[in-house]
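Report on one structure; see the data block that follows.
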Amino acid sequence: LQVEILKQLLKLKNLSFEWFDIIINLVWQSVHLVRPDVKHDNDSMDIRNYIKIKKLPAIGMNKSDCKIINGLVFTKNVAHKHMKKDIKTPKVLLLRSSIEYQRTEEKLCSLEPIMAAEAQYLNNYCQKLLFRQNPDILIVEKSVARTAQEIFLQYDISLVLNVKNSIMDKICRFLQADPMYSIDDPIKKPKLGFCSRFHVETYQLNNEKTKSLMYFEGTPT
């Protein structure tokens, strides 16, 4: 029955039957891989809610490159080109707030003391964060000051910033992580996320642009 339905759909969408074996294989993998949590109130039993299809018209790719990624994939890159883009079994820390120095705009004062205070504040903040959590990857929902980015680069931390709220929610669930809302909020350490491999791949598209995809593979069931 499934075979006949797939043939009918390919014909209906005017797609080549070269897709048949590829699609049927991906469908079987998906059915056996995705297991909705029946104990979770917000979970649907329809597994299509947990599968995202990404089309990537990249140069050199063809139909046979289609595959299932057991984990999470989204469009993003690390903050600095010299940060690690491939890490096995990383420890991942999620931060909902920004890492910025709050300047006071009401007073007129010399620029140098402000810059020195900003650098000191950010250095203390980053050191505190790294000392308490010691992550391999830091994912921040909002912005991160340039000074802080340089500190994370120095300590070999891969930084991902300006991540959408909806993506942060998915990362929390996929990596089974508890996000921090501020470094000063919780006394208890947040739960770090984990997976078997983190990597970023950049593809050359047919329109001469590039697209970077961030992968968290081998996430917990």
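Naming works like this for the structure tokens: A, B, ... for the chains as they're shown, residue 1 at the start of each chain, ligands 1 onward in shown order.
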Sort by chain and increasing residue number a table of all residues of range 12-32 of chain A within 9 Å of range 67-70 of chain A, each with its closest pair of atoms and their distance in Å to one decimal, counting only C-alpha atoms, and write it as a Markdown table.
```
| residue | atom | partner | partner_atom | distance |
| --- | --- | --- | --- | --- |
| A:Ile22 | CA | A:Lys67 | CA | 8.7 |
| A:Leu26 | CA | A:Ile68 | CA | 6.6 |
| A:Gln29 | CA | A:Ile68 | CA | 7.4 |
| A:Ser30 | CA | A:Ile68 | CA | 7.5 |
```
To test your reading of the structure, identify every residue in range 121-200 of chain A that backbone DSSP assigns to alpha helix (DSSP H), and report it as an MDAnalysis selection string. chainID A and resid 121:133 146:154 165:175
Same residues, N, CA, C and O atoms, output as a tab-separated table (two decimals), in the first residue's frame:
```tsv
chain	number	residue	atom	x	y	z
A	121	TYR	N	34.69	44.49	33.26
A	121	TYR	CA	33.41	43.83	33.54
A	121	TYR	C	33.25	42.57	32.69
A	121	TYR	O	32.89	41.50	33.21
A	122	LEU	N	33.48	42.69	31.39
A	122	LEU	CA	33.30	41.55	30.49
A	122	LEU	C	34.30	40.44	30.79
A	122	LEU	O	33.97	39.26	30.72
A	123	ASN	N	35.52	40.81	31.13
A	123	ASN	CA	36.52	39.80	31.47
A	123	ASN	C	36.10	39.04	32.73
A	123	ASN	O	36.17	37.80	32.76
A	124	ASN	N	35.64	39.76	33.75
A	124	ASN	CA	35.17	39.10	34.97
A	124	ASN	C	33.97	38.21	34.71
A	124	ASN	O	33.87	37.09	35.23
A	125	TYR	N	33.05	38.71	33.88
A	125	TYR	CA	31.83	37.95	33.55
A	125	TYR	C	32.21	36.64	32.85
A	125	TYR	O	31.74	35.56	33.23
A	126	CYS	N	33.06	36.73	31.83
A	126	CYS	CA	33.44	35.55	31.05
A	126	CYS	C	34.23	34.55	31.90
A	126	CYS	O	34.03	33.33	31.80
A	127	GLN	N	35.15	35.07	32.73
A	127	GLN	CA	35.93	34.20	33.59
A	127	GLN	C	35.03	33.44	34.56
A	127	GLN	O	35.22	32.24	34.80
A	128	LYS	N	34.06	34.15	35.10
A	128	LYS	CA	33.12	33.53	36.03
A	128	LYS	C	32.30	32.44	35.33
A	128	LYS	O	32.09	31.35	35.87
A	129	LEU	N	31.87	32.75	34.14
A	129	LEU	CA	31.08	31.80	33.36
A	129	LEU	C	31.89	30.55	33.04
A	129	LEU	O	31.43	29.41	33.21
A	130	LEU	N	33.12	30.74	32.57
A	130	LEU	CA	33.97	29.61	32.19
A	130	LEU	C	34.39	28.80	33.40
A	130	LEU	O	34.46	27.57	33.34
A	131	PHE	N	34.67	29.48	34.51
A	131	PHE	CA	35.11	28.78	35.72
A	131	PHE	C	34.00	27.89	36.27
A	131	PHE	O	34.23	26.76	36.70
A	132	ARG	N	32.78	28.42	36.26
A	132	ARG	CA	31.65	27.67	36.85
A	132	ARG	C	31.16	26.55	35.96
A	132	ARG	O	30.74	25.50	36.43
A	133	GLN	N	31.22	26.72	34.62
A	133	GLN	CA	30.57	25.77	33.72
A	133	GLN	C	31.54	24.97	32.86
A	133	GLN	O	31.27	23.83	32.52
A	146	ARG	N	31.94	42.34	21.48
A	146	ARG	CA	33.14	41.92	20.76
A	146	ARG	C	34.26	41.51	21.71
A	146	ARG	O	34.96	40.51	21.47
A	147	THR	N	34.42	42.25	22.82
A	147	THR	CA	35.46	41.92	23.80
A	147	THR	C	35.24	40.52	24.37
A	147	THR	O	36.18	39.73	24.52
A	148	ALA	N	33.99	40.19	24.68
A	148	ALA	CA	33.66	38.87	25.21
A	148	ALA	C	33.90	37.78	24.17
A	148	ALA	O	34.39	36.69	24.49
A	149	GLN	N	33.59	38.08	22.91
A	149	GLN	CA	33.84	37.11	21.85
A	149	GLN	C	35.32	36.76	21.76
A	149	GLN	O	35.69	35.59	21.58
A	150	GLU	N	36.17	37.76	21.89
A	150	GLU	CA	37.62	37.53	21.83
A	150	GLU	C	38.09	36.68	23.02
A	150	GLU	O	39.00	35.85	22.88
A	151	ILE	N	37.47	36.88	24.17
A	151	ILE	CA	37.84	36.09	25.35
A	151	ILE	C	37.48	34.62	25.14
A	151	ILE	O	38.28	33.72	25.44
A	152	PHE	N	36.28	34.37	24.61
A	152	PHE	CA	35.88	32.98	24.36
A	152	PHE	C	36.78	32.32	23.30
A	152	PHE	O	37.11	31.14	23.41
A	153	LEU	N	37.19	33.09	22.31
A	153	LEU	CA	38.12	32.58	21.30
A	153	LEU	C	39.45	32.21	21.96
A	153	LEU	O	40.02	31.14	21.67
A	154	GLN	N	39.92	33.05	22.84
A	154	GLN	CA	41.19	32.81	23.54
A	154	GLN	C	41.13	31.51	24.35
A	154	GLN	O	42.13	30.78	24.44
A	165	ASN	N	14.61	32.37	19.54
A	165	ASN	CA	14.00	31.76	20.71
A	165	ASN	C	13.47	30.35	20.41
A	165	ASN	O	13.64	29.42	21.22
A	166	SER	N	12.84	30.18	19.26
A	166	SER	CA	12.28	28.87	18.90
A	166	SER	C	13.39	27.82	18.72
A	166	SER	O	13.21	26.66	19.09
A	167	ILE	N	14.53	28.24	18.17
A	167	ILE	CA	15.66	27.32	18.01
A	167	ILE	C	16.25	26.98	19.38
A	167	ILE	O	16.62	25.83	19.64
A	168	MET	N	16.35	27.96	20.27
A	168	MET	CA	16.85	27.70	21.62
A	168	MET	C	15.98	26.66	22.33
A	168	MET	O	16.49	25.77	23.02
A	169	ASP	N	14.67	26.76	22.16
A	169	ASP	CA	13.77	25.78	22.77
A	169	ASP	C	14.06	24.38	22.25
A	169	ASP	O	14.07	23.40	23.02
A	170	LYS	N	14.31	24.27	20.95
A	170	LYS	CA	14.62	22.96	20.37
A	170	LYS	C	15.96	22.43	20.87
A	170	LYS	O	16.10	21.24	21.16
A	171	ILE	N	16.94	23.32	20.96
A	171	ILE	CA	18.26	22.90	21.45
A	171	ILE	C	18.14	22.38	22.88
A	171	ILE	O	18.73	21.35	23.23
A	172	CYS	N	17.36	23.08	23.71
A	172	CYS	CA	17.16	22.64	25.10
A	172	CYS	C	16.62	21.22	25.15
A	172	CYS	O	17.10	20.39	25.92
A	173	ARG	N	15.64	20.94	24.30
A	173	ARG	CA	15.03	19.62	24.35
A	173	ARG	C	15.92	18.56	23.72
A	173	ARG	O	16.10	17.48	24.27
A	174	PHE	N	16.49	18.86	22.56
A	174	PHE	CA	17.32	17.87	21.88
A	174	PHE	C	18.55	17.50	22.70
A	174	PHE	O	18.93	16.33	22.77
A	175	LEU	N	19.17	18.51	23.31
A	175	LEU	CA	20.41	18.26	24.06
A	175	LEU	C	20.15	18.01	25.55
A	175	LEU	O	21.09	17.79	26.30
```
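When only C-alpha atoms are used to measure the gap to Leu72 in chain A, the shortest distance among A:Glu208, A:Ile87, A:Cys195, A:Ala58 belongs to A:Cys195.
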Return as a PyMOL selection string the full set of residues in range 95-168 of chain A whose backbone-based DSSP assignment is strand (DSSP E). chain A and resi 95+137-140+158-160
Same residues, C-alpha atoms, output as a PDB file, in the first residue's frame:
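Result written to result07.pdb:
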```
ATOM      1  CA  LEU A  95      22.422  31.329  27.875  1.00  0.00           C
ATOM      2  CA  ILE A 137      30.255  25.391  23.181  1.00  0.00           C
ATOM      3  CA  LEU A 138      28.353  28.463  24.396  1.00  0.00           C
ATOM      4  CA  ILE A 139      25.025  29.218  22.706  1.00  0.00           C
ATOM      5  CA  VAL A 140      23.611  32.681  23.447  1.00  0.00           C
ATOM      6  CA  SER A 158      32.990  27.883  20.203  1.00  0.00           C
ATOM      7  CA  LEU A 159      30.444  30.692  20.472  1.00  0.00           C
ATOM      8  CA  VAL A 160      27.048  30.790  18.752  1.00  0.00           C
TER       9      VAL A 160
END
```
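Look at Cys66 in chain A: the protein and nucleic acid residues within 12 Å of it, using only C-alpha atoms and passing over chain neighbours fewer than 2 places away, are Trp19, Asp21, Ile22, Ile23, Ile24, Asn25, Leu26, Val27, Ile53, Lys54, Lys55, Leu56, Pro57, Ala58, Met61, Asn62, Lys63, Ser64, Ile68 and Ile69 of chain A.
When the distance limit is 9 Å and only C-alpha atoms are what count, the residues near Phe20 in chain A, minus those fewer than 4 positions from it on the same chain, are Val3, Leu6, Lys7, Leu10, Ser16, Ile24 and Asn25 of chain A.
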For Ile59 in chain A, work out the shell of residues within 9 Å, counting only C-alpha atoms and skipping chain neighbours fewer than 3 positions away, then give it as a PyMOL selection string. chain A and resi 62+203-206
Tell me which protein, DNA and RNA residues are within 10 Å of Lys88 in chain A, counting only C-alpha atoms, leaving out same-chain ones fewer than 3 positions away, and put them as a ChimeraX atom specification. /A:91,136,194-199,217
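Among the candidates A:Ile99, A:Leu12, A:Leu213, A:Leu33, the residue lying nearest to Glu141 in chain A is A:Ile99 (atoms considered: only C-alpha atoms).
Of the residues under consideration (A:Phe74, A:Leu93, A:Ile51, A:Lys11), A:Leu93 shows the shortest atom-to-atom contact distance to Tyr181 in chain A when counting only C-alpha atoms.
Summary of the local environment: counting only C-alpha atoms, residues at most 10 Å from Ser143 in chain A, other than itself and those fewer than 5 positions away along its chain, are Arg96, Ser97, Ser98, Ile99, Glu100, Val160, Leu161, Asn162 and Val163 of chain A.
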Kindly export the residues of the current selection with C-alpha atoms, as a short mmCIF file (atom, residue, chain, number, x, y, z; two decimals), in the first residue's frame.
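Wrote it out as out-v1.cif, contents follow:
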```cif
data_model
loop_
_atom_site.label_atom_id
_atom_site.label_comp_id
_atom_site.auth_asym_id
_atom_site.auth_seq_id
_atom_site.Cartn_x
_atom_site.Cartn_y
_atom_site.Cartn_z
CA ARG A 96 19.16 33.24 27.35
CA SER A 97 20.55 36.70 28.16
CA SER A 98 23.06 38.89 26.33
CA ILE A 99 26.70 39.39 27.32
CA GLU A 100 27.04 43.15 27.17
CA VAL A 160 27.05 30.79 18.75
CA LEU A 161 25.10 34.03 19.19
CA ASN A 162 21.79 35.68 18.25
CA VAL A 163 19.93 32.36 18.20
#
```
